[in-house]
Amino acid sequence: MPLASKPVGRRERNKQLKRERIMAAASELFAERGVDEVTTQEIADKADIGAGTLFLYAKTKGELLLLVQNSLYAEALVQGKQAAEGITDPLDAVMAIVRPVVECNRKQVDNGRTYLREIVFGDPAEPHHREALGLTIQTEEAIVAVLLRDDRTAPDAATLAHIVSAIMFVAMAPTINSANPVDDVVQEIRAQVRVILPV
């Protein structure tokens with residue numbers, strides 16, 4: 001007989017509501033003005049909490065960005081995995097996973113580039129950073145699943161997925177690409193991935 005789930009207490013509900021308000025406030029302000037132009041005090045004010053309370057959820061503005069972007073990245077990854085399910089061509093299936101991630105990252109280009117920097121250089125002991133790293137691993141695992149359909153060995157598929165991930169990050173991060181639309185960035189990634197995924 002399955003155990004009934006324990007009801008969530010008032011304290012936990014309040015914490016979750018504050019977290020949601022913080023995410024909504026940060027998301028809106030970051031989208032409007034970019035992460036560099038927003039102060040933590042503005043986020044706290046918009047979320048209707050004290051600055052001290054804000055720092056219980058994220059210690060830095062970079063961590064706040066991770067908190068916001070991680071949820072968007074997770075949604076993009078779900079979309080990409082679903083899109084790849086019905087595609088038989090390995091390159092097309094890999095790009096079906098990649099495209100929503102690129103779109104998510106390019107909604108506010110400066111925020112997306114800062115997010116990538118936080119993933120690479122942030123504190124891996126910080127929970128939002130760990131979650132971001134986990135999302136990159138999940139992305140690679142989704143790519144591995146696609147590549148294994150094509151009679152590749154698991155180690156080869158894992159290596160190729162890691163290379164695809166690196167290509168994707170490098171294409172999204174540089175200043176030279178900051179003005180490029182999503183389609184251009186996706187085409188750049190596709191051209192490079194095509195070379196390592198011979199038919």
# chains A, B, ... in the order shown; residues from 1 in each chain; ligands from 1
>>> residues_around(residues="stretch 174-184 of chain A", least_positions_apart="6", cutoff="9 Å", atoms="only C-alpha atoms", output="list of chain:residue names")
A:Arg99, A:Val102, A:Glu103, A:Arg106, A:Val109, A:Asp110, A:Arg113
>>> write_last_selection(atoms="N, CA, C and O atoms", output="PDB file, in the first residue's frame")
ATOM      1  N   ARG A  99      18.639  23.460 -30.467  1.00  0.00           N
ATOM      2  CA  ARG A  99      17.946  24.710 -30.832  1.00  0.00           C
ATOM      3  C   ARG A  99      17.207  25.364 -29.662  1.00  0.00           C
ATOM      4  O   ARG A  99      17.410  26.562 -29.419  1.00  0.00           O
ATOM      5  N   VAL A 102      19.647  27.056 -27.326  1.00  0.00           N
ATOM      6  CA  VAL A 102      20.181  28.299 -27.898  1.00  0.00           C
ATOM      7  C   VAL A 102      19.125  29.402 -27.803  1.00  0.00           C
ATOM      8  O   VAL A 102      19.416  30.531 -27.401  1.00  0.00           O
ATOM      9  N   GLU A 103      17.882  29.088 -28.164  1.00  0.00           N
ATOM     10  CA  GLU A 103      16.801  30.082 -28.096  1.00  0.00           C
ATOM     11  C   GLU A 103      16.649  30.618 -26.679  1.00  0.00           C
ATOM     12  O   GLU A 103      16.514  31.832 -26.474  1.00  0.00           O
ATOM     13  N   ARG A 106      19.452  32.972 -25.806  1.00  0.00           N
ATOM     14  CA  ARG A 106      19.503  34.213 -26.591  1.00  0.00           C
ATOM     15  C   ARG A 106      18.316  35.147 -26.345  1.00  0.00           C
ATOM     16  O   ARG A 106      18.221  36.178 -26.973  1.00  0.00           O
ATOM     17  N   VAL A 109      20.575  38.367 -24.623  1.00  0.00           N
ATOM     18  CA  VAL A 109      21.917  37.868 -24.953  1.00  0.00           C
ATOM     19  C   VAL A 109      22.923  38.091 -23.832  1.00  0.00           C
ATOM     20  O   VAL A 109      23.681  37.183 -23.482  1.00  0.00           O
ATOM     21  N   ASP A 110      22.935  39.283 -23.240  1.00  0.00           N
ATOM     22  CA  ASP A 110      23.912  39.541 -22.170  1.00  0.00           C
ATOM     23  C   ASP A 110      23.668  38.630 -20.970  1.00  0.00           C
ATOM     24  O   ASP A 110      24.618  38.130 -20.360  1.00  0.00           O
ATOM     25  N   ARG A 113      24.953  35.173 -21.918  1.00  0.00           N
ATOM     26  CA  ARG A 113      26.416  35.081 -21.867  1.00  0.00           C
ATOM     27  C   ARG A 113      26.910  35.072 -20.424  1.00  0.00           C
ATOM     28  O   ARG A 113      27.836  34.334 -20.074  1.00  0.00           O
TER      29      ARG A 113
END
>>> residues_around(residues="stretch 86-92 of chain A", least_positions_apart="3", cutoff="12 Å", atoms="only C-alpha atoms", output="PyMOL selection string")
chain A and resi 80-83+95-99+142-152+157+160-161+164+186-187+189-199
>>> residues_around(residues="A:Asn70", least_positions_apart="4", cutoff="12 Å", atoms="only C-alpha atoms", output="compact mmCIF listing (two decimals) with N, CA, C and O atoms, in the first residue's frame")
# COMPACT_ATOMS: atom_id res chain seq x y z
N MET A 23 12.11 34.68 -7.98
CA MET A 23 12.36 34.28 -9.36
C MET A 23 11.59 35.17 -10.34
O MET A 23 12.14 35.60 -11.36
N SER A 27 13.55 37.57 -12.80
CA SER A 27 13.33 37.27 -14.21
C SER A 27 12.85 38.50 -14.97
O SER A 27 13.36 38.83 -16.04
N GLY A 62 24.88 36.74 -9.47
CA GLY A 62 25.15 35.62 -10.38
C GLY A 62 24.34 34.40 -10.02
O GLY A 62 23.81 33.70 -10.90
N GLU A 63 24.21 34.12 -8.73
CA GLU A 63 23.40 32.98 -8.29
C GLU A 63 21.92 33.22 -8.59
O GLU A 63 21.19 32.28 -8.92
N LEU A 64 21.48 34.47 -8.47
CA LEU A 64 20.09 34.79 -8.83
C LEU A 64 19.86 34.52 -10.31
O LEU A 64 18.81 33.99 -10.70
N LEU A 65 20.82 34.90 -11.13
CA LEU A 65 20.69 34.63 -12.56
C LEU A 65 20.64 33.13 -12.82
O LEU A 65 19.83 32.65 -13.61
N LEU A 66 21.49 32.37 -12.13
CA LEU A 66 21.45 30.91 -12.27
C LEU A 66 20.07 30.37 -11.87
O LEU A 66 19.52 29.51 -12.56
N ALA A 74 15.95 24.22 -18.19
CA ALA A 74 15.29 22.93 -17.98
C ALA A 74 14.09 22.78 -18.92
O ALA A 74 13.89 21.72 -19.52
N GLU A 75 13.30 23.85 -19.06
CA GLU A 75 12.15 23.81 -19.98
C GLU A 75 12.61 23.62 -21.42
O GLU A 75 12.01 22.85 -22.18
N ALA A 76 13.66 24.33 -21.81
CA ALA A 76 14.19 24.22 -23.17
C ALA A 76 14.68 22.80 -23.44
O ALA A 76 14.46 22.26 -24.54
N LEU A 77 15.32 22.20 -22.46
CA LEU A 77 15.83 20.84 -22.64
C LEU A 77 14.70 19.85 -22.82
O LEU A 77 14.77 18.94 -23.66
N VAL A 101 17.74 25.20 -26.53
CA VAL A 101 18.72 25.67 -25.56
C VAL A 101 19.32 26.99 -26.04
O VAL A 101 19.47 27.94 -25.27
N CYS A 104 16.69 29.72 -25.71
CA CYS A 104 16.58 30.11 -24.30
C CYS A 104 17.73 31.04 -23.91
O CYS A 104 17.52 32.07 -23.27
N ASN A 105 18.92 30.70 -24.33
CA ASN A 105 20.10 31.48 -23.99
C ASN A 105 20.12 32.84 -24.67
O ASN A 105 20.71 33.79 -24.15
N GLY A 112 22.31 35.66 -21.13
CA GLY A 112 22.72 34.33 -21.57
C GLY A 112 24.22 34.14 -21.50
O GLY A 112 24.71 33.11 -21.05
N TYR A 115 25.21 33.93 -17.90
CA TYR A 115 24.83 32.60 -17.40
C TYR A 115 25.90 31.57 -17.76
O TYR A 115 26.32 30.78 -16.92
N LEU A 116 26.36 31.60 -19.00
CA LEU A 116 27.41 30.67 -19.42
C LEU A 116 28.68 30.88 -18.60
O LEU A 116 29.33 29.91 -18.18
N GLU A 118 28.85 32.06 -15.56
CA GLU A 118 28.59 31.55 -14.22
C GLU A 118 28.70 30.02 -14.18
O GLU A 118 29.20 29.46 -13.22
N ILE A 119 28.22 29.36 -15.23
CA ILE A 119 28.32 27.89 -15.28
C ILE A 119 29.79 27.47 -15.26
O ILE A 119 30.19 26.58 -14.52
N PRO A 127 24.38 25.65 -4.70
CA PRO A 127 23.34 24.76 -5.25
C PRO A 127 22.82 25.16 -6.63
O PRO A 127 22.55 24.28 -7.45
N HIS A 128 22.69 26.43 -6.92
CA HIS A 128 22.18 26.83 -8.24
C HIS A 128 23.22 26.54 -9.32
O HIS A 128 22.86 26.20 -10.45
N HIS A 129 24.48 26.65 -8.96
CA HIS A 129 25.55 26.31 -9.89
C HIS A 129 25.56 24.80 -10.15
O HIS A 129 25.68 24.37 -11.30
N ARG A 130 25.40 24.02 -9.09
CA ARG A 130 25.34 22.56 -9.25
C ARG A 130 24.17 22.16 -10.15
O ARG A 130 24.30 21.27 -10.99
N GLU A 131 23.05 22.85 -9.98
CA GLU A 131 21.88 22.56 -10.82
C GLU A 131 22.19 22.89 -12.29
O GLU A 131 21.83 22.13 -13.19
N ALA A 132 22.87 24.00 -12.54
CA ALA A 132 23.24 24.37 -13.91
C ALA A 132 24.17 23.33 -14.52
O ALA A 132 23.99 22.92 -15.67
N LEU A 133 25.15 22.88 -13.75
CA LEU A 133 26.05 21.84 -14.24
C LEU A 133 25.28 20.55 -14.52
O LEU A 133 25.55 19.86 -15.50
N GLY A 134 24.31 20.26 -13.67
CA GLY A 134 23.46 19.08 -13.88
C GLY A 134 22.69 19.18 -15.19
O GLY A 134 22.51 18.19 -15.90
N LEU A 135 22.23 20.38 -15.52
CA LEU A 135 21.51 20.57 -16.79
C LEU A 135 22.43 20.35 -17.99
O LEU A 135 21.99 19.80 -19.00
N THR A 136 23.68 20.76 -17.87
CA THR A 136 24.61 20.52 -18.99
C THR A 136 24.85 19.02 -19.15
O THR A 136 24.94 18.52 -20.28
>>> atom_distance(atom1="atom CA of A:Gln79", atom2="atom CA of A:Glu126")
26.6 Å
>>> select_by_dssp(residues="chain A", states="helix (DSSP H, G or I)", output="PyMOL selection string")
chain A and resi 10-33+35-37+40-47+51-57+61-85+90-105+109-121+127-148+154-172+175-177+182-196
>>> residues_around(residues="A:Ile43", least_positions_apart="5", cutoff="12 Å", atoms="only C-alpha atoms", output="number ranges by chain")
A: 18-19, 21-30, 35, 37-38, 48-55, 58, 60-61, 64-65
>>> write_last_selection(atoms="C-alpha atoms", output="CSV table (one decimal), in the first residue's frame")
chain,number,residue,atom,x,y,z
A,18,LYS,CA,9.1,33.7,-1.5
A,19,ARG,CA,11.3,31.7,-3.9
A,21,ARG,CA,8.4,35.9,-6.0
A,22,ILE,CA,12.2,36.2,-6.1
A,23,MET,CA,12.4,34.3,-9.4
A,24,ALA,CA,9.5,36.3,-10.9
A,25,ALA,CA,11.1,39.6,-9.8
A,26,ALA,CA,14.6,38.7,-10.9
A,27,SER,CA,13.3,37.3,-14.2
A,28,GLU,CA,11.3,40.4,-15.0
A,29,LEU,CA,14.1,42.8,-14.1
A,30,PHE,CA,16.8,40.9,-15.8
A,35,VAL,CA,21.6,41.3,-15.1
A,37,GLU,CA,22.0,46.8,-14.7
A,38,VAL,CA,19.8,45.4,-11.9
A,48,ASP,CA,8.5,42.4,-1.5
A,49,ILE,CA,11.1,40.9,0.8
A,50,GLY,CA,14.1,42.2,2.7
A,51,ALA,CA,17.5,42.1,1.2
A,52,GLY,CA,18.7,39.8,3.9
A,53,THR,CA,15.9,37.4,3.0
A,54,LEU,CA,17.0,37.5,-0.6
A,55,PHE,CA,20.5,36.3,0.3
A,58,ALA,CA,20.9,33.3,-3.5
A,60,THR,CA,25.1,36.9,-5.3
A,61,LYS,CA,23.4,38.3,-8.3
A,64,LEU,CA,20.1,34.8,-8.8
A,65,LEU,CA,20.7,34.6,-12.6
>>> atom_distance(atom1="atom CA of A:Asp156", atom2="atom CA of A:Pro124")
26.9 Å
>>> closest_residue(among="A:Phe121, A:Glu12, A:Ala31, A:Val185", to="A:Pro100", atoms="only C-alpha atoms")
A:Val185
>>> decode(residues="stretch 184-197 of chain A", atoms="N, CA, C and O atoms", output="PDB file, in the first residue's frame")
ATOM      1  N   ASP A 184      21.318  32.088 -36.989  1.00  0.00           N
ATOM      2  CA  ASP A 184      22.735  32.129 -37.353  1.00  0.00           C
ATOM      3  C   ASP A 184      23.586  31.307 -36.385  1.00  0.00           C
ATOM      4  O   ASP A 184      24.497  30.587 -36.801  1.00  0.00           O
ATOM      5  N   VAL A 185      23.292  31.436 -35.100  1.00  0.00           N
ATOM      6  CA  VAL A 185      24.048  30.680 -34.097  1.00  0.00           C
ATOM      7  C   VAL A 185      23.788  29.187 -34.282  1.00  0.00           C
ATOM      8  O   VAL A 185      24.716  28.366 -34.244  1.00  0.00           O
ATOM      9  N   VAL A 186      22.538  28.814 -34.501  1.00  0.00           N
ATOM     10  CA  VAL A 186      22.193  27.400 -34.704  1.00  0.00           C
ATOM     11  C   VAL A 186      22.885  26.864 -35.955  1.00  0.00           C
ATOM     12  O   VAL A 186      23.416  25.748 -35.950  1.00  0.00           O
ATOM     13  N   GLN A 187      22.914  27.650 -37.025  1.00  0.00           N
ATOM     14  CA  GLN A 187      23.582  27.212 -38.257  1.00  0.00           C
ATOM     15  C   GLN A 187      25.082  27.036 -38.044  1.00  0.00           C
ATOM     16  O   GLN A 187      25.685  26.105 -38.575  1.00  0.00           O
ATOM     17  N   GLU A 188      25.681  27.922 -37.268  1.00  0.00           N
ATOM     18  CA  GLU A 188      27.115  27.781 -36.955  1.00  0.00           C
ATOM     19  C   GLU A 188      27.366  26.483 -36.198  1.00  0.00           C
ATOM     20  O   GLU A 188      28.304  25.742 -36.493  1.00  0.00           O
ATOM     21  N   ILE A 189      26.519  26.203 -35.216  1.00  0.00           N
ATOM     22  CA  ILE A 189      26.668  24.964 -34.439  1.00  0.00           C
ATOM     23  C   ILE A 189      26.462  23.759 -35.349  1.00  0.00           C
ATOM     24  O   ILE A 189      27.239  22.801 -35.327  1.00  0.00           O
ATOM     25  N   ARG A 190      25.424  23.802 -36.176  1.00  0.00           N
ATOM     26  CA  ARG A 190      25.123  22.685 -37.071  1.00  0.00           C
ATOM     27  C   ARG A 190      26.288  22.390 -38.014  1.00  0.00           C
ATOM     28  O   ARG A 190      26.655  21.230 -38.222  1.00  0.00           O
ATOM     29  N   ALA A 191      26.892  23.432 -38.573  1.00  0.00           N
ATOM     30  CA  ALA A 191      28.005  23.240 -39.505  1.00  0.00           C
ATOM     31  C   ALA A 191      29.172  22.534 -38.827  1.00  0.00           C
ATOM     32  O   ALA A 191      29.827  21.674 -39.438  1.00  0.00           O
ATOM     33  N   GLN A 192      29.422  22.853 -37.567  1.00  0.00           N
ATOM     34  CA  GLN A 192      30.527  22.217 -36.846  1.00  0.00           C
ATOM     35  C   GLN A 192      30.171  20.802 -36.414  1.00  0.00           C
ATOM     36  O   GLN A 192      30.994  19.888 -36.509  1.00  0.00           O
ATOM     37  N   VAL A 193      28.950  20.615 -35.942  1.00  0.00           N
ATOM     38  CA  VAL A 193      28.526  19.281 -35.490  1.00  0.00           C
ATOM     39  C   VAL A 193      28.479  18.317 -36.672  1.00  0.00           C
ATOM     40  O   VAL A 193      28.826  17.141 -36.540  1.00  0.00           O
ATOM     41  N   ARG A 194      28.075  18.806 -37.837  1.00  0.00           N
ATOM     42  CA  ARG A 194      28.002  17.948 -39.045  1.00  0.00           C
ATOM     43  C   ARG A 194      29.359  17.311 -39.343  1.00  0.00           C
ATOM     44  O   ARG A 194      29.436  16.157 -39.763  1.00  0.00           O
ATOM     45  N   VAL A 195      30.429  18.028 -39.085  1.00  0.00           N
ATOM     46  CA  VAL A 195      31.774  17.514 -39.357  1.00  0.00           C
ATOM     47  C   VAL A 195      32.119  16.331 -38.451  1.00  0.00           C
ATOM     48  O   VAL A 195      32.796  15.401 -38.865  1.00  0.00           O
ATOM     49  N   ILE A 196      31.639  16.376 -37.204  1.00  0.00           N
ATOM     50  CA  ILE A 196      31.991  15.288 -36.277  1.00  0.00           C
ATOM     51  C   ILE A 196      30.968  14.157 -36.269  1.00  0.00           C
ATOM     52  O   ILE A 196      31.188  13.126 -35.639  1.00  0.00           O
ATOM     53  N   LEU A 197      29.856  14.333 -36.985  1.00  0.00           N
ATOM     54  CA  LEU A 197      28.852  13.280 -37.082  1.00  0.00           C
ATOM     55  C   LEU A 197      28.714  12.823 -38.537  1.00  0.00           C
ATOM     56  O   LEU A 197      27.688  13.031 -39.168  1.00  0.00           O
TER      57      LEU A 197
END
